[in-house]
>>> print(open('coords-v7.cif').read())   # mmCIF, C-alpha atoms and all ligand atoms
data_query
#
loop_
_atom_site.group_PDB
_atom_site.id
_atom_site.type_symbol
_atom_site.label_atom_id
_atom_site.label_comp_id
_atom_site.auth_asym_id
_atom_site.auth_seq_id
_atom_site.Cartn_x
_atom_site.Cartn_y
_atom_site.Cartn_z
ATOM 1 C CA MET A 6 -53.551 -50.125 -101.335
ATOM 2 C CA ASP A 7 -52.789 -46.390 -100.974
ATOM 3 C CA GLY A 8 -51.246 -44.901 -97.847
ATOM 4 C CA ASN A 9 -54.205 -42.656 -96.994
ATOM 5 C CA PHE A 10 -56.207 -45.113 -94.954
ATOM 6 C CA LEU A 11 -56.478 -45.513 -91.212
ATOM 7 C CA LEU A 12 -55.345 -48.750 -89.635
ATOM 8 C CA TYR A 13 -57.050 -50.353 -86.630
ATOM 9 C CA SER A 14 -56.103 -53.133 -84.244
ATOM 10 C CA VAL A 15 -59.326 -54.992 -83.393
ATOM 11 C CA ARG A 16 -58.953 -57.481 -80.533
ATOM 12 C CA MET A 17 -61.399 -59.840 -78.877
ATOM 13 C CA ARG A 18 -61.124 -61.807 -75.668
ATOM 14 C CA ALA A 19 -63.808 -63.970 -74.107
ATOM 15 C CA ALA A 20 -64.060 -65.479 -70.636
ATOM 16 C CA ARG A 21 -66.288 -67.605 -68.468
ATOM 17 C CA GLY A 22 -67.183 -66.847 -64.871
ATOM 18 C CA GLY A 23 -66.637 -63.090 -65.187
ATOM 19 C CA ALA A 24 -64.214 -60.708 -66.873
ATOM 20 C CA HIS A 25 -60.557 -61.701 -67.123
ATOM 21 C CA GLU A 26 -59.651 -58.900 -64.738
ATOM 22 C CA ASP A 27 -62.136 -60.306 -62.197
ATOM 23 C CA GLY A 28 -60.692 -63.794 -62.306
ATOM 24 C CA GLY A 29 -62.801 -65.186 -65.177
ATOM 25 C CA GLU A 30 -61.422 -68.125 -67.150
ATOM 26 C CA HIS A 31 -60.096 -67.232 -70.612
ATOM 27 C CA ILE A 32 -61.875 -69.203 -73.338
ATOM 28 C CA SER A 33 -60.831 -67.486 -76.546
ATOM 29 C CA GLY A 34 -58.940 -64.549 -77.991
ATOM 30 C CA ALA A 35 -58.190 -63.350 -81.501
ATOM 31 C CA GLU A 36 -57.258 -60.168 -83.290
ATOM 32 C CA ARG A 37 -57.141 -58.441 -86.668
ATOM 33 C CA LEU A 38 -55.196 -55.473 -87.999
ATOM 34 C CA VAL A 39 -57.299 -53.891 -90.720
ATOM 35 C CA PRO A 40 -58.012 -50.708 -92.686
ATOM 36 C CA GLU A 41 -60.893 -48.631 -91.334
ATOM 37 C CA ALA A 42 -63.244 -49.823 -94.097
ATOM 38 C CA GLU A 43 -62.872 -53.436 -92.867
ATOM 39 C CA ALA A 44 -63.005 -52.789 -89.131
ATOM 40 C CA GLU A 45 -66.748 -53.394 -88.744
ATOM 41 C CA THR A 46 -66.608 -56.734 -90.604
ATOM 42 C CA ALA A 47 -63.541 -57.773 -88.606
ATOM 43 C CA ALA A 48 -65.266 -56.935 -85.321
ATOM 44 C CA ALA A 49 -68.346 -58.974 -86.290
ATOM 45 C CA ALA A 50 -66.155 -61.944 -87.277
ATOM 46 C CA LEU A 51 -64.329 -61.804 -83.947
ATOM 47 C CA ILE A 52 -67.591 -61.768 -82.014
ATOM 48 C CA ALA A 53 -68.807 -64.718 -84.098
ATOM 49 C CA ARG A 54 -65.614 -66.507 -83.128
ATOM 50 C CA ALA A 55 -66.198 -65.787 -79.437
ATOM 51 C CA LEU A 56 -69.663 -67.323 -79.749
ATOM 52 C CA SER A 57 -68.582 -70.392 -81.707
ATOM 53 C CA ARG A 58 -66.437 -72.193 -79.153
ATOM 54 C CA GLY A 59 -69.194 -74.468 -77.879
ATOM 55 C CA VAL A 60 -69.027 -72.684 -74.519
ATOM 56 C CA SER A 61 -71.093 -69.511 -74.259
ATOM 57 C CA PRO A 62 -68.929 -66.755 -72.812
ATOM 58 C CA ASP A 63 -70.058 -64.725 -69.811
ATOM 59 C CA PHE A 64 -67.812 -61.880 -70.906
ATOM 60 C CA VAL A 65 -66.516 -60.641 -74.258
ATOM 61 C CA ARG A 66 -64.335 -57.578 -74.658
ATOM 62 C CA LEU A 67 -63.772 -56.025 -78.051
ATOM 63 C CA THR A 68 -61.018 -53.420 -78.271
ATOM 64 C CA MET A 69 -60.501 -51.200 -81.289
ATOM 65 C CA GLU A 70 -57.411 -49.034 -81.368
ATOM 66 C CA ARG A 71 -55.972 -46.888 -84.169
ATOM 67 C CA ILE A 72 -52.435 -47.763 -85.162
ATOM 68 C CA GLU A 73 -49.895 -45.330 -86.625
ATOM 69 C CA LEU A 74 -49.394 -46.384 -90.226
ATOM 70 C CA ALA A 75 -45.765 -45.246 -90.112
ATOM 71 C CA GLU A 76 -45.085 -47.928 -87.491
ATOM 72 C CA LEU A 77 -46.470 -50.793 -89.582
ATOM 73 C CA ALA A 78 -43.898 -53.385 -90.700
ATOM 74 C CA ARG A 79 -44.570 -55.893 -93.483
ATOM 75 C CA VAL A 80 -42.966 -59.286 -93.332
ATOM 76 C CA PRO A 81 -43.334 -62.464 -95.421
ATOM 77 C CA ALA A 82 -44.919 -65.500 -93.755
ATOM 78 C CA LEU A 83 -42.343 -68.058 -92.639
ATOM 79 C CA PRO A 84 -41.854 -71.065 -94.896
ATOM 80 C CA LEU A 85 -43.717 -74.083 -93.515
ATOM 81 C CA THR A 86 -42.380 -77.624 -93.269
ATOM 82 C CA THR A 87 -44.182 -80.601 -91.753
ATOM 83 C CA ILE A 88 -42.200 -83.457 -90.213
ATOM 84 C CA HIS A 89 -44.297 -86.606 -89.798
ATOM 85 C CA ALA A 90 -42.432 -88.157 -86.901
ATOM 86 C CA GLY A 91 -43.577 -91.499 -85.489
ATOM 87 C CA GLY A 92 -44.888 -89.892 -82.291
ATOM 88 C CA PRO A 93 -44.048 -87.307 -79.632
ATOM 89 C CA ALA A 94 -40.715 -88.882 -78.631
ATOM 90 C CA GLU A 95 -39.400 -88.948 -82.187
ATOM 91 C CA ALA A 96 -40.779 -85.456 -82.888
ATOM 92 C CA ARG A 97 -38.904 -84.210 -79.843
ATOM 93 C CA LEU A 98 -35.586 -85.529 -81.209
ATOM 94 C CA HIS A 99 -36.131 -83.567 -84.436
ATOM 95 C CA ALA A 100 -37.175 -80.479 -82.464
ATOM 96 C CA GLU A 101 -34.099 -80.686 -80.232
ATOM 97 C CA ARG A 102 -31.853 -80.797 -83.294
ATOM 98 C CA LEU A 103 -33.546 -77.719 -84.798
ATOM 99 C CA LEU A 104 -33.291 -75.806 -81.521
ATOM 100 C CA ARG A 105 -29.575 -76.710 -81.206
ATOM 101 C CA GLU A 106 -29.002 -75.472 -84.751
ATOM 102 C CA ALA A 107 -30.687 -72.201 -83.729
ATOM 103 C CA GLY A 108 -28.154 -71.776 -80.904
ATOM 104 C CA VAL A 109 -30.148 -73.104 -77.944
ATOM 105 C CA SER A 110 -28.079 -75.088 -75.429
ATOM 106 C CA ASP A 111 -28.955 -78.616 -74.306
ATOM 107 C CA PRO A 112 -29.735 -77.540 -70.697
ATOM 108 C CA ALA A 113 -32.079 -74.807 -71.999
ATOM 109 C CA ILE A 114 -33.829 -77.310 -74.290
ATOM 110 C CA ILE A 115 -34.332 -79.792 -71.433
ATOM 111 C CA LEU A 116 -35.727 -77.101 -69.125
ATOM 112 C CA ALA A 117 -38.085 -75.813 -71.835
ATOM 113 C CA PHE A 118 -39.572 -79.254 -72.513
ATOM 114 C CA GLU A 119 -39.879 -79.857 -68.786
ATOM 115 C CA SER A 120 -41.870 -76.620 -68.381
ATOM 116 C CA LEU A 121 -44.165 -77.425 -71.306
ATOM 117 C CA GLN A 122 -44.756 -80.869 -69.824
ATOM 118 C CA ASN A 123 -45.399 -79.914 -66.184
ATOM 119 C CA GLY A 124 -45.934 -76.129 -66.026
ATOM 120 C CA PHE A 125 -43.586 -73.253 -65.241
ATOM 121 C CA GLY A 126 -41.722 -72.571 -62.013
ATOM 122 C CA SER A 127 -42.227 -74.079 -58.599
ATOM 123 C CA GLU A 128 -45.978 -73.426 -58.846
ATOM 124 C CA ARG A 129 -46.221 -75.470 -62.058
ATOM 125 C CA ALA A 130 -48.151 -72.622 -63.642
ATOM 126 C CA ALA A 131 -49.742 -72.561 -67.085
ATOM 127 C CA LEU A 132 -48.811 -69.106 -68.408
ATOM 128 C CA ARG A 133 -51.201 -66.659 -70.093
ATOM 129 C CA GLY A 134 -48.467 -65.872 -72.618
ATOM 130 C CA ALA A 135 -45.043 -67.238 -73.524
ATOM 131 C CA ALA A 136 -42.020 -67.569 -71.259
ATOM 132 C CA LEU A 137 -38.976 -65.613 -72.485
ATOM 133 C CA VAL A 138 -36.029 -67.913 -71.872
ATOM 134 C CA ASP A 139 -32.250 -67.438 -72.074
ATOM 135 C CA PRO A 140 -31.042 -69.804 -74.837
ATOM 136 C CA LEU A 141 -27.743 -70.417 -73.029
ATOM 137 C CA THR A 142 -28.868 -71.098 -69.456
ATOM 138 C CA GLY A 143 -32.574 -71.928 -69.779
ATOM 139 C CA GLU A 144 -33.344 -69.270 -67.169
ATOM 140 C CA ARG A 145 -36.618 -67.395 -67.523
ATOM 141 C CA LEU A 146 -36.030 -63.690 -68.299
ATOM 142 C CA ASP A 147 -39.499 -62.117 -67.977
ATOM 143 C CA PRO A 148 -40.981 -61.713 -64.474
ATOM 144 C CA LEU A 149 -41.663 -65.058 -62.779
ATOM 145 C CA THR A 150 -45.447 -64.720 -62.789
ATOM 146 C CA ALA A 151 -48.199 -66.587 -64.637
ATOM 147 C CA ARG A 152 -48.522 -63.736 -67.142
ATOM 148 C CA GLY A 153 -45.704 -64.358 -69.603
ATOM 149 C CA VAL A 154 -45.483 -62.255 -72.764
ATOM 150 C CA ARG A 155 -48.059 -62.293 -75.572
ATOM 151 C CA ALA A 156 -47.386 -61.490 -79.213
ATOM 152 C CA THR A 157 -50.094 -59.103 -80.399
ATOM 153 C CA HIS A 158 -50.772 -56.408 -83.029
ATOM 154 C CA PHE A 159 -50.294 -58.594 -86.100
ATOM 155 C CA ASP A 160 -52.433 -59.981 -88.894
ATOM 156 C CA TYR A 161 -52.203 -61.167 -92.462
ATOM 157 C CA ALA A 162 -52.044 -58.281 -94.929
ATOM 158 C CA PRO A 163 -55.170 -57.773 -97.068
ATOM 159 C CA GLY A 164 -55.476 -60.711 -99.474
ATOM 160 C CA ALA A 165 -52.652 -62.639 -97.799
ATOM 161 C CA ARG A 166 -54.891 -64.563 -95.391
ATOM 162 C CA ASP A 167 -56.748 -66.274 -98.257
ATOM 163 C CA ALA A 168 -53.537 -66.850 -100.209
ATOM 164 C CA VAL A 169 -51.761 -68.452 -97.236
ATOM 165 C CA ALA A 170 -54.891 -70.465 -96.341
ATOM 166 C CA ALA A 171 -54.951 -71.846 -99.893
ATOM 167 C CA ARG A 172 -51.269 -72.826 -99.680
ATOM 168 C CA LEU A 173 -51.816 -74.528 -96.332
ATOM 169 C CA ALA A 174 -54.892 -76.348 -97.673
ATOM 170 C CA GLU A 175 -52.688 -77.800 -100.446
ATOM 171 C CA GLN A 176 -50.717 -79.418 -97.617
ATOM 172 C CA GLY A 177 -53.874 -80.716 -95.961
ATOM 173 C CA LEU A 178 -53.891 -77.986 -93.283
ATOM 174 C CA THR A 179 -57.391 -76.571 -93.264
ATOM 175 C CA HIS A 180 -57.838 -75.803 -89.552
ATOM 176 C CA PHE A 181 -57.775 -72.098 -88.666
ATOM 177 C CA ARG A 182 -55.281 -72.939 -85.903
ATOM 178 C CA ALA A 183 -52.521 -73.672 -88.412
ATOM 179 C CA LEU A 184 -53.100 -70.309 -90.100
ATOM 180 C CA ASP A 185 -53.092 -68.516 -86.738
ATOM 181 C CA ALA A 186 -49.998 -70.319 -85.464
ATOM 182 C CA LEU A 187 -48.031 -69.480 -88.609
ATOM 183 C CA ALA A 188 -48.890 -65.811 -88.102
ATOM 184 C CA VAL A 189 -47.843 -65.897 -84.434
ATOM 185 C CA ALA A 190 -44.521 -67.557 -85.281
ATOM 186 C CA THR A 191 -43.857 -65.060 -88.075
ATOM 187 C CA LYS A 192 -44.377 -62.078 -85.771
ATOM 188 C CA VAL A 193 -42.385 -63.762 -82.997
ATOM 189 C CA LEU A 194 -39.262 -64.282 -85.112
ATOM 190 C CA TRP A 195 -39.565 -60.840 -86.690
ATOM 191 C CA SER A 196 -39.524 -59.405 -83.145
ATOM 192 C CA GLY A 197 -36.043 -60.828 -82.582
ATOM 193 C CA VAL A 198 -36.785 -64.152 -80.925
ATOM 194 C CA ARG A 199 -34.020 -66.675 -81.677
ATOM 195 C CA ALA A 200 -36.326 -69.714 -81.619
ATOM 196 C CA GLU A 201 -39.846 -70.647 -80.498
ATOM 197 C CA LEU A 202 -41.076 -73.974 -79.111
ATOM 198 C CA CYS A 203 -44.860 -74.450 -78.919
ATOM 199 C CA TRP A 204 -47.312 -77.057 -77.675
ATOM 200 C CA SER A 205 -50.965 -76.036 -77.567
ATOM 201 C CA ASP A 206 -52.560 -75.699 -74.149
ATOM 202 C CA GLU A 207 -55.777 -77.236 -75.541
ATOM 203 C CA PRO A 208 -55.843 -80.838 -74.255
ATOM 204 C CA GLU A 209 -57.003 -82.463 -77.511
ATOM 205 C CA TYR A 210 -54.656 -80.549 -79.832
ATOM 206 C CA VAL A 211 -51.380 -82.483 -80.074
ATOM 207 C CA ALA A 212 -49.682 -80.735 -83.007
ATOM 208 C CA GLY A 213 -46.904 -78.295 -82.202
ATOM 209 C CA TYR A 214 -43.939 -76.578 -83.791
ATOM 210 C CA VAL A 215 -40.465 -75.169 -83.639
ATOM 211 C CA ALA A 216 -39.826 -71.851 -85.393
ATOM 212 C CA ALA A 217 -36.408 -70.348 -86.023
ATOM 213 C CA PRO A 218 -34.791 -68.353 -88.837
ATOM 214 C CA ILE A 219 -32.856 -71.419 -89.940
ATOM 215 C CA CYS A 220 -35.852 -73.807 -90.165
ATOM 216 C CA GLY A 221 -38.833 -71.467 -90.633
ATOM 217 C CA TYR A 222 -42.036 -72.864 -89.150
ATOM 218 C CA THR A 223 -41.518 -76.593 -88.670
ATOM 219 C CA ARG A 224 -44.671 -78.366 -87.659
ATOM 220 C CA PHE A 225 -45.026 -81.770 -86.006
ATOM 221 C CA PRO A 226 -48.573 -83.235 -86.245
ATOM 222 C CA GLN A 227 -47.983 -85.405 -83.154
ATOM 223 C CA PHE A 228 -45.708 -83.481 -80.836
ATOM 224 C CA LYS A 229 -47.378 -83.047 -77.451
ATOM 225 C CA PRO A 230 -47.280 -86.099 -75.157
ATOM 226 C CA SER A 231 -50.516 -86.971 -73.393
ATOM 227 C CA GLY A 232 -50.977 -85.166 -70.093
ATOM 228 C CA ALA A 233 -48.623 -82.294 -70.958
ATOM 229 C CA ARG A 234 -49.628 -78.769 -69.874
ATOM 230 C CA GLY A 235 -48.583 -77.062 -73.107
ATOM 231 C CA GLY A 236 -47.463 -73.491 -73.658
ATOM 232 C CA ARG A 237 -44.850 -71.489 -75.521
ATOM 233 C CA VAL A 238 -41.185 -70.758 -74.934
ATOM 234 C CA PHE A 239 -39.496 -67.889 -76.773
ATOM 235 C CA PHE A 240 -35.692 -68.166 -76.616
ATOM 236 C CA VAL A 241 -34.345 -64.611 -76.488
ATOM 237 C CA ASP A 242 -30.798 -63.336 -76.050
ATOM 238 C CA ARG A 243 -30.475 -62.045 -72.501
ATOM 239 C CA ASN A 244 -29.233 -58.560 -73.368
ATOM 240 C CA GLN A 245 -32.156 -57.978 -75.751
ATOM 241 C CA TRP A 246 -35.139 -59.387 -73.936
ATOM 242 C CA GLU A 247 -36.826 -56.094 -73.020
ATOM 243 C CA THR A 248 -36.558 -54.709 -76.547
ATOM 244 C CA VAL A 249 -37.894 -57.980 -77.959
ATOM 245 C CA ARG A 250 -40.770 -58.008 -75.443
ATOM 246 C CA ASP A 251 -41.791 -54.483 -76.476
ATOM 247 C CA ARG A 252 -41.799 -55.457 -80.152
ATOM 248 C CA LEU A 253 -43.787 -58.637 -79.408
ATOM 249 C CA GLU A 254 -46.434 -56.719 -77.492
ATOM 250 C CA ARG A 255 -46.683 -53.457 -79.404
ATOM 251 C CA ALA A 256 -45.099 -53.338 -82.870
ATOM 252 C CA PRO A 257 -47.775 -53.653 -85.607
ATOM 253 C CA VAL A 258 -46.957 -56.200 -88.324
ATOM 254 C CA TRP A 259 -48.707 -57.220 -91.529
ATOM 255 C CA ILE A 260 -47.785 -60.666 -92.816
ATOM 256 C CA ASP A 261 -47.552 -61.152 -96.577
ATOM 257 C CA ALA A 262 -48.077 -64.416 -98.433
HETATM 258 N N1 LIG B 1 -54.708 -66.305 -72.633
HETATM 259 C C1 LIG B 1 -55.140 -66.126 -71.380
HETATM 260 N N2 LIG B 1 -55.562 -64.924 -70.887
HETATM 261 C C2 LIG B 1 -55.545 -63.887 -71.740
HETATM 262 C C3 LIG B 1 -55.089 -64.011 -73.072
HETATM 263 C C4 LIG B 1 -54.659 -65.293 -73.514
HETATM 264 N N3 LIG B 1 -54.259 -65.497 -74.768
HETATM 265 N N4 LIG B 1 -55.177 -62.813 -73.682
HETATM 266 C C5 LIG B 1 -55.662 -61.961 -72.766
HETATM 267 N N5 LIG B 1 -55.889 -62.598 -71.578
HETATM 268 C C6 LIG B 1 -56.464 -62.036 -70.352
HETATM 269 C C7 LIG B 1 -55.409 -61.881 -69.297
HETATM 270 O O1 LIG B 1 -56.010 -62.007 -68.037
HETATM 271 C C8 LIG B 1 -54.951 -60.451 -69.504
HETATM 272 O O2 LIG B 1 -54.339 -59.893 -68.370
HETATM 273 P P1 LIG B 1 -52.728 -60.001 -68.218
HETATM 274 O O3 LIG B 1 -52.164 -59.007 -69.176
HETATM 275 O O4 LIG B 1 -52.461 -59.703 -66.808
HETATM 276 O O5 LIG B 1 -52.347 -61.422 -68.604
HETATM 277 C C9 LIG B 1 -56.238 -59.735 -69.859
HETATM 278 O O6 LIG B 1 -56.971 -60.720 -70.601
HETATM 279 C C10 LIG B 1 -56.033 -58.499 -70.682
HETATM 280 O O7 LIG B 1 -55.138 -58.802 -71.736
HETATM 281 P P2 LIG B 1 -54.833 -57.814 -72.942
HETATM 282 O O8 LIG B 1 -53.554 -58.259 -73.582
HETATM 283 O O9 LIG B 1 -54.970 -56.409 -72.508
HETATM 284 O O10 LIG B 1 -56.033 -58.180 -73.934
HETATM 285 P P3 LIG B 1 -56.472 -57.524 -75.319
HETATM 286 O O11 LIG B 1 -57.871 -57.064 -75.153
HETATM 287 O O12 LIG B 1 -55.443 -56.581 -75.811
HETATM 288 O O13 LIG B 1 -56.517 -58.814 -76.286
HETATM 289 C C11 LIG B 1 -55.735 -60.867 -77.315
HETATM 290 C C12 LIG B 1 -55.368 -59.616 -76.519
HETATM 291 C C13 LIG B 1 -56.873 -61.591 -76.641
HETATM 292 C C14 LIG B 1 -56.146 -60.533 -78.742
HETATM 293 C C15 LIG B 1 -54.487 -61.764 -77.400
HETATM 294 O O14 LIG B 1 -53.850 -61.855 -76.179
HETATM 295 C C16 LIG B 1 -54.773 -63.179 -77.907
HETATM 296 O O15 LIG B 1 -55.243 -64.042 -77.195
HETATM 297 N N6 LIG B 1 -54.487 -63.395 -79.190
HETATM 298 C C17 LIG B 1 -54.789 -64.655 -79.813
HETATM 299 C C18 LIG B 1 -53.547 -65.391 -80.320
HETATM 300 C C19 LIG B 1 -52.704 -65.832 -79.211
HETATM 301 O O16 LIG B 1 -53.040 -66.695 -78.453
HETATM 302 N N7 LIG B 1 -51.561 -65.209 -79.108
HETATM 303 C C20 LIG B 1 -50.649 -65.520 -78.075
HETATM 304 C C21 LIG B 1 -49.300 -65.615 -78.662
HETATM 305 S S1 LIG B 1 -48.082 -65.718 -77.435
#
>>> encode(input="coords-v7.cif", output="structure tokens")
Amino acid sequence: MDGNFLLYSVRMRAARGGAHEDGGEHISGAERLVPEAEAETAAAALIARALSRGVSPDFVRLTMERIELAELARVPALPLTTIHAGGPAEARLHAERLLREAGVSDPAIILAFESLQNGFGSERAALRGAALVDPLTGERLDPLTARGVRATHFDYAPGARDAVAARLAEQGLTHFRALDALAVATKVLWSGVRAELCWSDEPEYVAGYVAAPICGYTRFPQFKPSGARGGRVFFVDRNQWETVRDRLERAPVWIDA
């Protein structure tokens, strides 16, 4: 691909009961980062996704924004490992070991699991993004609101989505969620996050993962205990959290196979 094309971030978010900014309930969101020639197809695919959730949205917002090509980073997808633990309790033991190896303290690990189980803070909130957490103390670093921090402005590079999907399918992973989660984790670590712990906030989806430079993307098919709230924790060194947040939210990244 030559360097003379324009690059666009195309993002979709859908809600029920009104727009997000008017208190509507978020039902889906997705994004692409594509050359101009693919922007129209990407936008149509995102709208199709908004309409395919089984719940018709009352509100869909599509945002298209040109991205400076000079700012685009390219990064290989994290290696993926699946650990078939006997259930959530055993998966948690493996996850705790991986997080310790990534430099996260035991108190921080306990607090993170507690938040994913019951919600964050005294209000037991489910966050709209991830909590940025100090790996030494377990203290939350981003403002103590229900917003959290969302990784955005990333996508598979042209051709890489199909190549990674084929590799995942060889491992029996054919759901689009696995492909999406691998992309999120890749951008998250590239942004300077020391380790990520994730349980889906969708009640029926019990797989989850730990991602860290030392273990790549390590997936547990049965990780989330029943009744848990779910969510994401990004462990970030305290003196770097604002820089990491800015990269998570703004820096454009293409993920290679
Ligand atoms: N969950 C819940 N609410 C969301 C949301 C999400 N994933 N994404 C957006 N919203 C709502 C929020 O109310 C948000 O306001 P806030 O910033 O005060 O939280 C509002 O929509 C506007 O968000 P904004 O980030 O400006 O939306 P956007 O139009 O740029 O689109 C998405 C961003 C939807 C593409 C992106 O957030 C997303 O959902 N990506 C899908 C993958 C994913 O879940 N990533 C999260 C990794 S941590």
>>> closest_residue(input="coords-v7.cif", among="A:Gly59, A:Gly143, A:Pro163, A:Gly236", to="ligand LIG 1 (chain B)", atoms="all atoms listed in the file")
A:Gly236
>>> closest_residue(input="coords-v7.cif", among="A:Val65, A:Ala117, A:Ala53, A:Ala190", to="Asp139 (chain A)", atoms="only C-alpha atoms")
A:Ala117
>>> resolve_selection(input="coords-v7.cif", expression="the PyMOL selection byres (((not hetatm)) within 9 of (chain B and resi 1))", output="PDB file with C-alpha atoms, in the frame of the given file")
ATOM      1  CA  VAL A  15     -59.326 -54.992 -83.393  1.00  0.00           C
ATOM      2  CA  ARG A  16     -58.953 -57.481 -80.533  1.00  0.00           C
ATOM      3  CA  MET A  17     -61.399 -59.840 -78.877  1.00  0.00           C
ATOM      4  CA  ARG A  18     -61.124 -61.807 -75.668  1.00  0.00           C
ATOM      5  CA  ALA A  19     -63.808 -63.970 -74.107  1.00  0.00           C
ATOM      6  CA  ALA A  20     -64.060 -65.479 -70.636  1.00  0.00           C
ATOM      7  CA  ALA A  24     -64.214 -60.708 -66.873  1.00  0.00           C
ATOM      8  CA  HIS A  25     -60.557 -61.701 -67.123  1.00  0.00           C
ATOM      9  CA  GLU A  26     -59.651 -58.900 -64.738  1.00  0.00           C
ATOM     10  CA  ASP A  27     -62.136 -60.306 -62.197  1.00  0.00           C
ATOM     11  CA  GLY A  28     -60.692 -63.794 -62.306  1.00  0.00           C
ATOM     12  CA  GLY A  29     -62.801 -65.186 -65.177  1.00  0.00           C
ATOM     13  CA  GLU A  30     -61.422 -68.125 -67.150  1.00  0.00           C
ATOM     14  CA  HIS A  31     -60.096 -67.232 -70.612  1.00  0.00           C
ATOM     15  CA  ILE A  32     -61.875 -69.203 -73.338  1.00  0.00           C
ATOM     16  CA  SER A  33     -60.831 -67.486 -76.546  1.00  0.00           C
ATOM     17  CA  GLY A  34     -58.940 -64.549 -77.991  1.00  0.00           C
ATOM     18  CA  ALA A  35     -58.190 -63.350 -81.501  1.00  0.00           C
ATOM     19  CA  GLU A  36     -57.258 -60.168 -83.290  1.00  0.00           C
ATOM     20  CA  ARG A  37     -57.141 -58.441 -86.668  1.00  0.00           C
ATOM     21  CA  ARG A  66     -64.335 -57.578 -74.658  1.00  0.00           C
ATOM     22  CA  LEU A  67     -63.772 -56.025 -78.051  1.00  0.00           C
ATOM     23  CA  THR A  68     -61.018 -53.420 -78.271  1.00  0.00           C
ATOM     24  CA  MET A  69     -60.501 -51.200 -81.289  1.00  0.00           C
ATOM     25  CA  LEU A 132     -48.811 -69.106 -68.408  1.00  0.00           C
ATOM     26  CA  ARG A 133     -51.201 -66.659 -70.093  1.00  0.00           C
ATOM     27  CA  GLY A 134     -48.467 -65.872 -72.618  1.00  0.00           C
ATOM     28  CA  ALA A 135     -45.043 -67.238 -73.524  1.00  0.00           C
ATOM     29  CA  ALA A 136     -42.020 -67.569 -71.259  1.00  0.00           C
ATOM     30  CA  ALA A 151     -48.199 -66.587 -64.637  1.00  0.00           C
ATOM     31  CA  ARG A 152     -48.522 -63.736 -67.142  1.00  0.00           C
ATOM     32  CA  GLY A 153     -45.704 -64.358 -69.603  1.00  0.00           C
ATOM     33  CA  VAL A 154     -45.483 -62.255 -72.764  1.00  0.00           C
ATOM     34  CA  ARG A 155     -48.059 -62.293 -75.572  1.00  0.00           C
ATOM     35  CA  ALA A 156     -47.386 -61.490 -79.213  1.00  0.00           C
ATOM     36  CA  THR A 157     -50.094 -59.103 -80.399  1.00  0.00           C
ATOM     37  CA  HIS A 158     -50.772 -56.408 -83.029  1.00  0.00           C
ATOM     38  CA  ASP A 185     -53.092 -68.516 -86.738  1.00  0.00           C
ATOM     39  CA  ALA A 186     -49.998 -70.319 -85.464  1.00  0.00           C
ATOM     40  CA  VAL A 189     -47.843 -65.897 -84.434  1.00  0.00           C
ATOM     41  CA  ALA A 190     -44.521 -67.557 -85.281  1.00  0.00           C
ATOM     42  CA  VAL A 193     -42.385 -63.762 -82.997  1.00  0.00           C
ATOM     43  CA  GLY A 236     -47.463 -73.491 -73.658  1.00  0.00           C
ATOM     44  CA  ARG A 237     -44.850 -71.489 -75.521  1.00  0.00           C
ATOM     45  CA  VAL A 238     -41.185 -70.758 -74.934  1.00  0.00           C
ATOM     46  CA  PHE A 239     -39.496 -67.889 -76.773  1.00  0.00           C
ATOM     47  CA  LEU A 253     -43.787 -58.637 -79.408  1.00  0.00           C
ATOM     48  CA  GLU A 254     -46.434 -56.719 -77.492  1.00  0.00           C
TER      49      GLU A 254
END
>>> atom_distance(input="coords-v7.cif", atom1="CA of Val241 (chain A)", atom2="CA of Gly197 (chain A)")
7.4 Å
>>> residues_around(input="coords-v7.cif", residues="region 218-221 of chain A", least_positions_apart="6", cutoff="9 Å", atoms="all atoms listed in the file", output="JSON, numbers by chain")
{"A": [83, 84, 85, 86, 103, 106, 107, 190, 191, 194, 199, 200]}
>>> axis_aligned_box(input="coords-v7.cif", around="region 213-225 of chain A", padding_each_side="4 Å", output="lines of an AutoDock Vina configuration file")
center_x = -39.9
center_y = -75.1
center_z = -86.4
size_x = 22.0
size_y = 21.4
size_z = 16.4
>>> closest_residue(input="coords-v7.cif", among="A:Val258, A:Ala47, A:Ala113, A:Leu141", to="Ser196 (chain A)", atoms="all atoms listed in the file")
A:Val258
>>> closest_residue(input="coords-v7.cif", among="A:Asp63, A:Asp160, A:Glu209, A:Asp242", to="Arg79 (chain A)", atoms="all atoms listed in the file")
A:Asp160
>>> resolve_selection(input="coords-v7.cif", expression="the PyMOL selection byres (((chain A and resi 227) around 12) and not hetatm)", output="list in words")
Thr87, Ile88, His89, Ala90, Gly91, Gly92, Pro93, Ala94, Glu95, Ala96, Arg97, Ala100, Trp204, Ser205, Glu209, Tyr210, Val211, Ala212, Gly213, Tyr214, Arg224, Phe225, Pro226, Phe228, Lys229, Pro230 and Ser231 of chain A
>>> atom_distance(input="coords-v7.cif", atom1="CA of Gly22 (chain A)", atom2="CA of Ser120 (chain A)")
27.4 Å
>>> atom_distance(input="coords-v7.cif", atom1="CA of Leu184 (chain A)", atom2="CA of Cys203 (chain A)")
14.5 Å
>>> closest_residue(input="coords-v7.cif", among="A:Glu45, A:Glu101, A:Asp167, A:Glu175", to="Ile115 (chain A)", atoms="all atoms listed in the file")
A:Glu101
>>> residues_near_point(input="coords-v7.cif", point="(-56.7, -60.7, -95.0)", cutoff="12 Å", atoms="all atoms listed in the file", output="PyMOL selection string")
chain A and resi 36-40+43-44+46-47+159-170+184-185+188+259-262
>>> closest_residue(input="coords-v7.cif", among="A:Ile72, A:Pro62, A:Gly126, A:Thr179", to="Gly23 (chain A)", atoms="all atoms listed in the file")
A:Pro62
